[in-house]
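S.K.: So I've got this file, start-v2.txt, and it contains compact mmCIF, N, CA, C and O atoms:
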```
# COMPACT_ATOMS: atom_id res chain seq x y z
N MET A 1 -12.51 12.66 12.65
CA MET A 1 -12.08 11.33 12.27
C MET A 1 -11.19 11.42 11.03
O MET A 1 -11.50 12.13 10.09
N TYR A 2 -10.09 10.72 11.05
CA TYR A 2 -9.11 10.75 9.97
C TYR A 2 -9.26 9.53 9.07
O TYR A 2 -9.77 8.48 9.50
N LEU A 3 -8.75 9.64 7.83
CA LEU A 3 -8.71 8.50 6.94
C LEU A 3 -7.75 7.45 7.51
O LEU A 3 -6.65 7.78 7.95
N ARG A 4 -8.16 6.21 7.47
CA ARG A 4 -7.30 5.11 7.93
C ARG A 4 -6.19 4.87 6.90
O ARG A 4 -6.31 5.26 5.74
N PRO A 5 -5.12 4.22 7.31
CA PRO A 5 -4.00 3.98 6.39
C PRO A 5 -4.40 3.30 5.07
O PRO A 5 -3.91 3.69 4.01
N ASP A 6 -5.29 2.33 5.11
CA ASP A 6 -5.70 1.66 3.86
C ASP A 6 -6.43 2.62 2.93
O ASP A 6 -6.30 2.55 1.71
N GLU A 7 -7.19 3.56 3.49
CA GLU A 7 -7.87 4.57 2.67
C GLU A 7 -6.86 5.54 2.07
O GLU A 7 -6.99 5.92 0.89
N VAL A 8 -5.87 5.94 2.83
CA VAL A 8 -4.82 6.83 2.32
C VAL A 8 -4.08 6.13 1.18
O VAL A 8 -3.80 6.74 0.14
N ALA A 9 -3.79 4.84 1.34
CA ALA A 9 -3.11 4.08 0.29
C ALA A 9 -3.92 4.07 -1.00
O ALA A 9 -3.36 4.26 -2.09
N ARG A 10 -5.22 3.87 -0.90
CA ARG A 10 -6.07 3.86 -2.10
C ARG A 10 -6.07 5.22 -2.80
O ARG A 10 -6.01 5.30 -4.03
N VAL A 11 -6.13 6.30 -2.04
CA VAL A 11 -6.10 7.64 -2.62
C VAL A 11 -4.77 7.87 -3.33
O VAL A 11 -4.73 8.41 -4.45
N LEU A 12 -3.67 7.46 -2.71
CA LEU A 12 -2.36 7.60 -3.35
C LEU A 12 -2.31 6.85 -4.68
O LEU A 12 -1.84 7.38 -5.68
N GLU A 13 -2.79 5.63 -4.69
CA GLU A 13 -2.78 4.83 -5.91
C GLU A 13 -3.64 5.47 -7.00
O GLU A 13 -3.25 5.50 -8.16
N ASN A 14 -4.79 6.01 -6.62
CA ASN A 14 -5.66 6.69 -7.59
C ASN A 14 -5.05 7.99 -8.09
O ASN A 14 -5.41 8.47 -9.16
N ALA A 15 -4.12 8.57 -7.32
CA ALA A 15 -3.44 9.81 -7.70
C ALA A 15 -2.16 9.55 -8.49
O ALA A 15 -1.40 10.49 -8.76
N GLY A 16 -1.89 8.30 -8.84
CA GLY A 16 -0.74 7.99 -9.67
C GLY A 16 0.51 7.56 -8.93
O GLY A 16 1.56 7.37 -9.55
N PHE A 17 0.44 7.38 -7.63
CA PHE A 17 1.58 6.88 -6.87
C PHE A 17 1.64 5.36 -7.02
O PHE A 17 0.61 4.69 -7.09
N GLU A 18 2.85 4.82 -7.08
CA GLU A 18 3.04 3.38 -7.20
C GLU A 18 3.69 2.84 -5.94
O GLU A 18 4.73 3.34 -5.51
N ARG A 19 3.08 1.81 -5.37
CA ARG A 19 3.65 1.20 -4.17
C ARG A 19 4.82 0.32 -4.57
O ARG A 19 4.70 -0.54 -5.43
N ASP A 20 5.97 0.53 -3.91
CA ASP A 20 7.14 -0.28 -4.22
C ASP A 20 7.85 -0.80 -2.98
O ASP A 20 8.93 -1.37 -3.08
N TYR A 21 7.23 -0.63 -1.82
CA TYR A 21 7.87 -1.05 -0.57
C TYR A 21 6.78 -1.41 0.42
O TYR A 21 5.82 -0.64 0.59
N ILE A 22 6.91 -2.57 1.05
CA ILE A 22 5.91 -3.01 2.02
C ILE A 22 6.61 -3.62 3.23
O ILE A 22 7.49 -4.48 3.07
N THR A 23 6.24 -3.13 4.41
CA THR A 23 6.65 -3.78 5.66
C THR A 23 5.41 -3.86 6.53
O THR A 23 4.35 -3.35 6.18
N ARG A 24 5.57 -4.47 7.67
CA ARG A 24 4.47 -4.54 8.63
C ARG A 24 4.10 -3.14 9.13
O ARG A 24 2.96 -2.87 9.46
N GLN A 25 5.07 -2.24 9.12
CA GLN A 25 4.87 -0.89 9.66
C GLN A 25 4.40 0.13 8.63
O GLN A 25 3.76 1.11 8.99
N CYS A 26 4.76 -0.07 7.34
CA CYS A 26 4.44 0.98 6.36
C CYS A 26 4.39 0.45 4.94
O CYS A 26 4.84 -0.66 4.66
N TYR A 27 3.81 1.28 4.07
CA TYR A 27 3.90 1.13 2.62
C TYR A 27 4.72 2.30 2.11
O TYR A 27 4.56 3.42 2.58
N GLY A 28 5.56 2.05 1.11
CA GLY A 28 6.29 3.12 0.46
C GLY A 28 5.72 3.36 -0.93
O GLY A 28 5.44 2.42 -1.66
N TYR A 29 5.53 4.64 -1.28
CA TYR A 29 4.96 5.01 -2.58
C TYR A 29 5.86 6.01 -3.29
O TYR A 29 6.38 6.93 -2.68
N ARG A 30 5.95 5.83 -4.61
CA ARG A 30 6.77 6.69 -5.44
C ARG A 30 5.90 7.30 -6.54
O ARG A 30 5.04 6.66 -7.11
N LYS A 31 6.17 8.58 -6.82
CA LYS A 31 5.60 9.26 -7.98
C LYS A 31 6.67 10.20 -8.50
O LYS A 31 7.00 11.19 -7.83
N GLY A 32 7.25 9.86 -9.65
CA GLY A 32 8.37 10.63 -10.16
C GLY A 32 9.53 10.54 -9.18
O GLY A 32 9.90 9.46 -8.73
N HIS A 33 10.07 11.68 -8.79
CA HIS A 33 11.17 11.69 -7.82
C HIS A 33 10.68 11.84 -6.38
O HIS A 33 11.48 11.89 -5.46
N HIS A 34 9.37 11.90 -6.19
CA HIS A 34 8.80 12.05 -4.85
C HIS A 34 8.58 10.68 -4.20
O HIS A 34 8.26 9.71 -4.88
N TYR A 35 8.72 10.66 -2.88
CA TYR A 35 8.51 9.43 -2.13
C TYR A 35 7.75 9.75 -0.86
O TYR A 35 8.06 10.73 -0.18
N VAL A 36 6.73 8.95 -0.56
CA VAL A 36 5.95 9.11 0.68
C VAL A 36 5.73 7.72 1.28
O VAL A 36 5.85 6.71 0.60
N TYR A 37 5.40 7.72 2.56
CA TYR A 37 5.07 6.48 3.25
C TYR A 37 3.66 6.57 3.82
O TYR A 37 3.21 7.65 4.20
N VAL A 38 3.01 5.42 3.87
CA VAL A 38 1.75 5.29 4.60
C VAL A 38 2.09 4.53 5.88
O VAL A 38 2.57 3.39 5.82
N ASN A 39 1.87 5.18 6.99
CA ASN A 39 2.15 4.60 8.30
C ASN A 39 1.02 3.61 8.64
O ASN A 39 -0.06 4.02 9.03
N ARG A 40 1.26 2.34 8.50
CA ARG A 40 0.25 1.32 8.75
C ARG A 40 -0.08 1.18 10.23
O ARG A 40 -1.08 0.58 10.59
N GLU A 41 0.75 1.73 11.08
CA GLU A 41 0.51 1.66 12.52
C GLU A 41 -0.43 2.76 13.00
O GLU A 41 -0.80 2.78 14.17
N ALA A 42 -0.82 3.66 12.13
CA ALA A 42 -1.72 4.76 12.49
C ALA A 42 -3.16 4.28 12.41
O ALA A 42 -3.89 4.59 11.49
N LYS A 43 -3.57 3.52 13.40
CA LYS A 43 -4.91 2.91 13.38
C LYS A 43 -6.02 3.93 13.23
O LYS A 43 -7.00 3.70 12.55
N MET A 44 -5.88 5.09 13.86
CA MET A 44 -6.90 6.12 13.77
C MET A 44 -6.61 7.11 12.65
O MET A 44 -7.38 8.03 12.42
N GLY A 45 -5.49 6.97 11.95
CA GLY A 45 -5.19 7.76 10.77
C GLY A 45 -4.57 9.12 10.98
O GLY A 45 -4.25 9.81 10.02
N ARG A 46 -4.35 9.52 12.21
CA ARG A 46 -3.82 10.87 12.47
C ARG A 46 -2.44 11.09 11.89
O ARG A 46 -2.10 12.20 11.49
N THR A 47 -1.64 10.05 11.80
CA THR A 47 -0.29 10.16 11.25
C THR A 47 -0.11 9.21 10.05
O THR A 47 0.96 8.67 9.83
N ALA A 48 -1.15 9.03 9.26
CA ALA A 48 -1.14 8.01 8.20
C ALA A 48 -0.22 8.34 7.02
O ALA A 48 0.37 7.44 6.44
N LEU A 49 -0.10 9.60 6.64
CA LEU A 49 0.77 9.95 5.52
C LEU A 49 2.03 10.61 6.05
O LEU A 49 1.97 11.56 6.82
N VAL A 50 3.19 10.10 5.62
CA VAL A 50 4.47 10.63 6.08
C VAL A 50 5.24 11.12 4.85
O VAL A 50 5.49 10.34 3.93
N VAL A 51 5.59 12.41 4.86
CA VAL A 51 6.31 13.01 3.73
C VAL A 51 7.76 13.31 4.11
O VAL A 51 8.10 13.38 5.29
N HIS A 52 8.58 13.50 3.11
CA HIS A 52 10.01 13.78 3.30
C HIS A 52 10.20 15.07 4.09
O HIS A 52 9.49 16.06 3.85
N PRO A 53 11.14 15.10 5.02
CA PRO A 53 11.37 16.30 5.83
C PRO A 53 11.71 17.56 5.02
O PRO A 53 11.43 18.67 5.45
N SER A 54 12.29 17.40 3.85
CA SER A 54 12.62 18.57 3.03
C SER A 54 11.38 19.29 2.52
O SER A 54 11.46 20.43 2.07
N LEU A 55 10.23 18.63 2.62
CA LEU A 55 8.96 19.22 2.18
C LEU A 55 8.20 19.89 3.32
O LEU A 55 7.07 20.35 3.12
N ARG A 56 8.79 19.98 4.49
CA ARG A 56 8.11 20.53 5.67
C ARG A 56 7.50 21.91 5.40
O ARG A 56 6.33 22.14 5.66
N ASP A 57 8.29 22.84 4.87
CA ASP A 57 7.80 24.21 4.66
C ASP A 57 6.69 24.26 3.61
O ASP A 57 5.66 24.89 3.81
N LYS A 58 6.91 23.60 2.48
CA LYS A 58 5.88 23.59 1.43
C LYS A 58 4.62 22.91 1.95
O LYS A 58 3.51 23.39 1.74
N SER A 59 4.78 21.80 2.63
CA SER A 59 3.64 21.04 3.14
C SER A 59 2.80 21.86 4.12
O SER A 59 1.57 21.77 4.11
N SER A 60 3.45 22.67 4.94
CA SER A 60 2.72 23.45 5.94
C SER A 60 1.80 24.49 5.31
O SER A 60 0.91 25.01 5.97
N LEU A 61 1.99 24.80 4.04
CA LEU A 61 1.10 25.71 3.34
C LEU A 61 -0.26 25.07 3.06
O LEU A 61 -1.26 25.78 2.89
N PHE A 62 -0.31 23.74 3.01
CA PHE A 62 -1.52 23.04 2.61
C PHE A 62 -2.13 22.16 3.70
O PHE A 62 -3.30 21.80 3.61
N ALA A 63 -1.35 21.79 4.71
CA ALA A 63 -1.86 20.94 5.80
C ALA A 63 -0.93 21.05 7.00
O ALA A 63 0.29 21.13 6.85
N ALA A 64 -1.52 21.05 8.17
CA ALA A 64 -0.74 21.10 9.40
C ALA A 64 -0.24 19.69 9.73
O ALA A 64 -1.01 18.73 9.66
N PRO A 65 1.04 19.56 10.09
CA PRO A 65 1.54 18.24 10.49
C PRO A 65 0.83 17.74 11.75
O PRO A 65 0.47 18.54 12.61
N ALA A 66 0.66 16.45 11.83
CA ALA A 66 0.03 15.86 13.01
C ALA A 66 0.99 15.87 14.20
O ALA A 66 0.56 16.00 15.35
N ASP A 67 2.27 15.72 13.93
CA ASP A 67 3.33 15.75 14.93
C ASP A 67 4.55 16.38 14.27
O ASP A 67 4.63 16.42 13.03
N PRO A 68 5.52 16.84 15.05
CA PRO A 68 6.73 17.42 14.43
C PRO A 68 7.48 16.43 13.55
O PRO A 68 7.93 16.79 12.47
N VAL A 69 7.63 15.19 14.00
CA VAL A 69 8.30 14.14 13.22
C VAL A 69 7.70 12.78 13.55
O VAL A 69 7.08 12.59 14.60
N ARG A 70 7.95 11.84 12.66
CA ARG A 70 7.60 10.43 12.88
C ARG A 70 8.82 9.64 12.46
O ARG A 70 9.32 9.78 11.34
N SER A 71 9.34 8.81 13.35
CA SER A 71 10.55 8.02 13.09
C SER A 71 10.22 6.54 12.95
O SER A 71 9.33 6.03 13.62
N SER A 72 10.99 5.88 12.09
CA SER A 72 10.86 4.44 11.92
C SER A 72 12.11 3.93 11.21
O SER A 72 12.69 4.63 10.38
N ASP A 73 12.48 2.70 11.49
CA ASP A 73 13.59 2.10 10.75
C ASP A 73 13.14 1.68 9.35
O ASP A 73 13.95 1.32 8.52
N SER A 74 11.83 1.76 9.06
CA SER A 74 11.31 1.41 7.74
C SER A 74 11.34 2.56 6.75
O SER A 74 11.20 2.34 5.55
N TYR A 75 11.50 3.79 7.18
CA TYR A 75 11.47 4.95 6.29
C TYR A 75 12.83 5.18 5.64
O TYR A 75 13.42 6.24 5.72
N ARG A 76 13.35 4.19 4.96
CA ARG A 76 14.72 4.20 4.46
C ARG A 76 15.00 5.23 3.36
O ARG A 76 16.14 5.59 3.13
N ALA A 77 13.96 5.73 2.70
CA ALA A 77 14.16 6.74 1.65
C ALA A 77 14.28 8.15 2.25
O ALA A 77 14.49 9.11 1.52
N PHE A 78 14.14 8.25 3.56
CA PHE A 78 14.20 9.53 4.26
C PHE A 78 15.51 9.63 5.04
O PHE A 78 16.19 8.64 5.28
N PRO A 79 15.87 10.83 5.50
CA PRO A 79 17.13 11.00 6.24
C PRO A 79 17.14 10.30 7.59
O PRO A 79 16.07 10.07 8.18
N ALA A 80 18.32 10.01 8.06
CA ALA A 80 18.48 9.41 9.38
C ALA A 80 17.97 10.39 10.44
O ALA A 80 18.16 11.61 10.32
N ASP A 81 17.35 9.85 11.46
CA ASP A 81 16.83 10.68 12.55
C ASP A 81 17.98 10.98 13.50
O ASP A 81 18.51 10.08 14.14
N PRO A 82 18.38 12.25 13.61
CA PRO A 82 19.52 12.59 14.47
C PRO A 82 19.27 12.31 15.95
O PRO A 82 20.22 12.16 16.71
N GLU A 83 18.02 12.22 16.34
CA GLU A 83 17.69 11.96 17.74
C GLU A 83 17.22 10.53 17.98
O GLU A 83 16.82 10.20 19.09
N GLY A 84 17.25 9.70 16.94
CA GLY A 84 16.77 8.33 17.06
C GLY A 84 17.89 7.32 17.11
O GLY A 84 19.07 7.66 17.24
N THR A 85 17.52 6.06 17.00
CA THR A 85 18.50 4.98 16.95
C THR A 85 19.28 5.06 15.64
O THR A 85 18.83 5.73 14.69
N PRO A 86 20.41 4.39 15.52
CA PRO A 86 21.22 4.49 14.30
C PRO A 86 20.49 4.11 13.01
O PRO A 86 20.77 4.66 11.97
N ASP A 87 19.53 3.20 13.08
CA ASP A 87 18.80 2.77 11.88
C ASP A 87 17.50 3.55 11.67
O ASP A 87 16.76 3.26 10.75
N SER A 88 17.22 4.51 12.51
CA SER A 88 15.95 5.23 12.46
C SER A 88 16.00 6.37 11.44
O SER A 88 16.98 7.10 11.34
N HIS A 89 14.92 6.50 10.67
CA HIS A 89 14.76 7.57 9.69
C HIS A 89 13.48 8.32 10.04
O HIS A 89 12.60 7.78 10.70
N TYR A 90 13.37 9.56 9.56
CA TYR A 90 12.20 10.33 9.96
C TYR A 90 11.56 11.08 8.80
O TYR A 90 12.18 11.35 7.78
N GLY A 91 10.27 11.38 9.01
CA GLY A 91 9.50 12.16 8.06
C GLY A 91 8.49 13.00 8.83
O GLY A 91 8.44 12.97 10.06
N ILE A 92 7.66 13.72 8.07
CA ILE A 92 6.66 14.60 8.66
C ILE A 92 5.28 13.95 8.48
O ILE A 92 4.83 13.77 7.35
N PRO A 93 4.60 13.61 9.59
CA PRO A 93 3.32 12.90 9.50
C PRO A 93 2.13 13.85 9.34
O PRO A 93 2.10 14.94 9.91
N HIS A 94 1.15 13.40 8.57
CA HIS A 94 -0.08 14.16 8.36
C HIS A 94 -1.28 13.21 8.44
O HIS A 94 -1.17 12.03 8.12
N GLY A 95 -2.40 13.77 8.81
CA GLY A 95 -3.66 13.05 8.78
C GLY A 95 -4.67 13.90 8.02
O GLY A 95 -4.62 15.13 8.05
N PHE A 96 -5.59 13.23 7.34
CA PHE A 96 -6.60 13.93 6.55
C PHE A 96 -7.98 13.39 6.89
O PHE A 96 -8.16 12.19 7.06
N SER A 97 -8.94 14.30 6.96
CA SER A 97 -10.29 13.92 7.38
C SER A 97 -11.17 13.48 6.22
O SER A 97 -12.25 12.95 6.45
N SER A 98 -10.74 13.70 4.98
CA SER A 98 -11.54 13.27 3.83
C SER A 98 -10.63 12.97 2.64
O SER A 98 -9.49 13.45 2.57
N ARG A 99 -11.15 12.20 1.72
CA ARG A 99 -10.40 11.91 0.50
C ARG A 99 -10.19 13.18 -0.31
O ARG A 99 -9.15 13.37 -0.93
N ALA A 100 -11.19 14.06 -0.31
CA ALA A 100 -11.08 15.32 -1.05
C ALA A 100 -9.94 16.17 -0.51
O ALA A 100 -9.16 16.74 -1.29
N SER A 101 -9.81 16.27 0.81
CA SER A 101 -8.71 17.07 1.37
C SER A 101 -7.36 16.44 1.08
O SER A 101 -6.39 17.15 0.79
N LEU A 102 -7.27 15.12 1.10
CA LEU A 102 -6.01 14.45 0.77
C LEU A 102 -5.68 14.64 -0.71
O LEU A 102 -4.54 14.94 -1.07
N ASN A 103 -6.67 14.50 -1.59
CA ASN A 103 -6.44 14.72 -3.02
C ASN A 103 -5.97 16.14 -3.30
O ASN A 103 -5.05 16.35 -4.10
N HIS A 104 -6.57 17.11 -2.65
CA HIS A 104 -6.16 18.51 -2.81
C HIS A 104 -4.69 18.68 -2.38
O HIS A 104 -3.90 19.30 -3.10
N TYR A 105 -4.35 18.12 -1.24
CA TYR A 105 -2.98 18.17 -0.74
C TYR A 105 -2.01 17.54 -1.74
O TYR A 105 -0.96 18.12 -2.07
N LEU A 106 -2.33 16.35 -2.24
CA LEU A 106 -1.45 15.67 -3.19
C LEU A 106 -1.24 16.46 -4.46
O LEU A 106 -0.13 16.54 -4.99
N LYS A 107 -2.31 17.07 -4.97
CA LYS A 107 -2.18 17.89 -6.19
C LYS A 107 -1.28 19.10 -5.96
O LYS A 107 -0.45 19.42 -6.81
N LYS A 108 -1.41 19.74 -4.82
CA LYS A 108 -0.59 20.92 -4.53
C LYS A 108 0.87 20.53 -4.27
O LYS A 108 1.78 21.28 -4.63
N MET A 109 1.08 19.39 -3.66
CA MET A 109 2.43 18.99 -3.26
C MET A 109 3.22 18.27 -4.37
O MET A 109 4.43 18.47 -4.49
N PHE A 110 2.56 17.45 -5.17
CA PHE A 110 3.30 16.51 -6.01
C PHE A 110 2.99 16.60 -7.50
O PHE A 110 3.38 15.72 -8.26
N ASN A 111 2.30 17.65 -7.95
CA ASN A 111 2.04 17.81 -9.39
C ASN A 111 2.78 18.99 -9.94
O ASN A 111 3.27 19.83 -9.30
```
Any chance you could put this one into structure tokens?
M.R.:
Amino acid sequence: MYLRPDEVARVLENAGFERDYITRQCYGYRKGHHYVYVNREAKMGRTALVVHPSLRDKSSLFAAPADPVRSSDSYRAFPADPEGTPDSHYGIPHGFSSRASLNHYLKKMFN
């Protein structure tokens, strides 16, 4: 069982991320120059955290991606999806089974 999007959002806020973007599909969070999204459509949490594609290699050291990519027209801080619609942007989705595992990931990735 994965953390639901609202739980991921709380962990991000407790880790010093600030929410600055809200749509029906996602929340956008900033910490320094880093930006992540919480996929609100991930009801079961498997793809709840979406990180910038440039972090793919570093991220794979600490957590396996849930899918190769996740696209949305709401992920505007990320690059355009070359295989998507013109307004589509993409990131790398992750799911976490506990707050401790998500906190560990955030410390390794964004501190």
S.K.: Please, which residues of chain A, numbered as in this document, come out strand (DSSP E) from DSSP, as a PyMOL selection string?
M.R.: chain A and resi 18-22+26-31+34-39+49-51+70-72+89-94
S.K.: In terms of the shortest atom-to-atom distance over only N, CA, C and O atoms, which of A:Gly95, A:Val36, A:Arg10, A:Glu83 is closest to Pro65 in chain A?
M.R.: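 Between A:Gly95, A:Val36, A:Arg10, A:Glu83, the residue approaching Pro65 in chain A most closely is A:Gly95.
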S.K.: Quote the spacing between atom O of Pro93 in chain A and atom N of Glu41 in chain A in Å to one decimal place.
M.R.: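 Between atom O of Pro93 in chain A and atom N of Glu41 in chain A the gap works out to 13.3 Å.
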S.K.: What's the separation between CA of Phe17 in chain A and CA of Tyr29 in chain A, in Å to one decimal place?
M.R.: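 If I compute the distance from CA of Phe17 in chain A to CA of Tyr29 in chain A, I get 5.8 Å.
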S.K.: Can you tell me, as a list in words, which residues sit within 8 Å of (5.4, -0.5, -5.7) in the file's frame, using all atoms listed in the file?
M.R.: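 Collected hits near the coordinates: Phe17, Glu18, Arg19, Asp20, Tyr21, Ile22, Gly28, Tyr29 and Arg30 of chain A.
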S.K.: Could you give me the residues within range 52-86 of chain A that DSSP places in alpha helix (DSSP H), as a ChimeraX atom specification?
M.R.: /A:56-60
S.K.: What's the separation between CA of Arg76 in chain A and CA of Tyr35 in chain A, in Å to one decimal place?
M.R.: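 Separation between CA of Arg76 in chain A and CA of Tyr35 in chain A: 10.5 Å.
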S.K.: If we count only C-alpha atoms, what is near Cys26 in chain A at a cut-off of 6 Å, once residues fewer than 3 positions away on the same chain are taken out, given as a PyMOL selection string?
M.R.: chain A and resi 23+38-40
S.K.: For a cut-off of 8 Å around (-7.9, 4.1, 9.0), file coordinates, pick out all residues using all atoms listed in the file and list them as an mmCIF file with N, CA, C and O atoms, in the frame of the given file.
M.R.:
```cif
data_model
loop_
_atom_site.group_PDB
_atom_site.id
_atom_site.type_symbol
_atom_site.label_atom_id
_atom_site.label_comp_id
_atom_site.auth_asym_id
_atom_site.auth_seq_id
_atom_site.Cartn_x
_atom_site.Cartn_y
_atom_site.Cartn_z
ATOM 1 N N TYR A 2 -10.090 10.720 11.050
ATOM 2 C CA TYR A 2 -9.110 10.750 9.970
ATOM 3 C C TYR A 2 -9.260 9.530 9.070
ATOM 4 O O TYR A 2 -9.770 8.480 9.500
ATOM 5 N N LEU A 3 -8.750 9.640 7.830
ATOM 6 C CA LEU A 3 -8.710 8.500 6.940
ATOM 7 C C LEU A 3 -7.750 7.450 7.510
ATOM 8 O O LEU A 3 -6.650 7.780 7.950
ATOM 9 N N ARG A 4 -8.160 6.210 7.470
ATOM 10 C CA ARG A 4 -7.300 5.110 7.930
ATOM 11 C C ARG A 4 -6.190 4.870 6.900
ATOM 12 O O ARG A 4 -6.310 5.260 5.740
ATOM 13 N N PRO A 5 -5.120 4.220 7.310
ATOM 14 C CA PRO A 5 -4.000 3.980 6.390
ATOM 15 C C PRO A 5 -4.400 3.300 5.070
ATOM 16 O O PRO A 5 -3.910 3.690 4.010
ATOM 17 N N ASP A 6 -5.290 2.330 5.110
ATOM 18 C CA ASP A 6 -5.700 1.660 3.860
ATOM 19 C C ASP A 6 -6.430 2.620 2.930
ATOM 20 O O ASP A 6 -6.300 2.550 1.710
ATOM 21 N N GLU A 7 -7.190 3.560 3.490
ATOM 22 C CA GLU A 7 -7.870 4.570 2.670
ATOM 23 C C GLU A 7 -6.860 5.540 2.070
ATOM 24 O O GLU A 7 -6.990 5.920 0.890
ATOM 25 N N VAL A 8 -5.870 5.940 2.830
ATOM 26 C CA VAL A 8 -4.820 6.830 2.320
ATOM 27 C C VAL A 8 -4.080 6.130 1.180
ATOM 28 O O VAL A 8 -3.800 6.740 0.140
ATOM 29 N N ASN A 39 1.870 5.180 6.990
ATOM 30 C CA ASN A 39 2.150 4.600 8.300
ATOM 31 C C ASN A 39 1.020 3.610 8.640
ATOM 32 O O ASN A 39 -0.060 4.020 9.030
ATOM 33 N N ARG A 40 1.260 2.340 8.500
ATOM 34 C CA ARG A 40 0.250 1.320 8.750
ATOM 35 C C ARG A 40 -0.080 1.180 10.230
ATOM 36 O O ARG A 40 -1.080 0.580 10.590
ATOM 37 N N ALA A 42 -0.820 3.660 12.130
ATOM 38 C CA ALA A 42 -1.720 4.760 12.490
ATOM 39 C C ALA A 42 -3.160 4.280 12.410
ATOM 40 O O ALA A 42 -3.890 4.590 11.490
ATOM 41 N N LYS A 43 -3.570 3.520 13.400
ATOM 42 C CA LYS A 43 -4.910 2.910 13.380
ATOM 43 C C LYS A 43 -6.020 3.930 13.230
ATOM 44 O O LYS A 43 -7.000 3.700 12.550
ATOM 45 N N MET A 44 -5.880 5.090 13.860
ATOM 46 C CA MET A 44 -6.900 6.120 13.770
ATOM 47 C C MET A 44 -6.610 7.110 12.650
ATOM 48 O O MET A 44 -7.380 8.030 12.420
ATOM 49 N N GLY A 45 -5.490 6.970 11.950
ATOM 50 C CA GLY A 45 -5.190 7.760 10.770
ATOM 51 C C GLY A 45 -4.570 9.120 10.980
ATOM 52 O O GLY A 45 -4.250 9.810 10.020
ATOM 53 N N ARG A 46 -4.350 9.520 12.210
ATOM 54 C CA ARG A 46 -3.820 10.870 12.470
ATOM 55 C C ARG A 46 -2.440 11.090 11.890
ATOM 56 O O ARG A 46 -2.100 12.200 11.490
ATOM 57 N N ALA A 48 -1.150 9.030 9.260
ATOM 58 C CA ALA A 48 -1.140 8.010 8.200
ATOM 59 C C ALA A 48 -0.220 8.340 7.020
ATOM 60 O O ALA A 48 0.370 7.440 6.440
#
```
S.K.: Given all atoms listed in the file as the basis, pick out the residue of A:Tyr75, A:Phe62, A:Phe110, A:Phe96 nearest to Tyr37 in chain A.
M.R.: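 So, comparing all the options, the nearest one is A:Tyr75.
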S.K.: Check the smallest atom-to-atom distance from each of A:His89, A:Lys31, A:His94, A:Arg24 to Val50 in chain A using only N, CA, C and O atoms, then report the winner.
M.R.: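 When distances to Val50 in chain A are compared using only N, CA, C and O atoms, the smallest one comes from A:His94.
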S.K.: I need the residue nearest Ser98 in chain A from this list: A:Pro68, A:Met1, A:Ala63, A:Val51. Use all atoms listed in the file for the distance.
M.R.: A:Met1
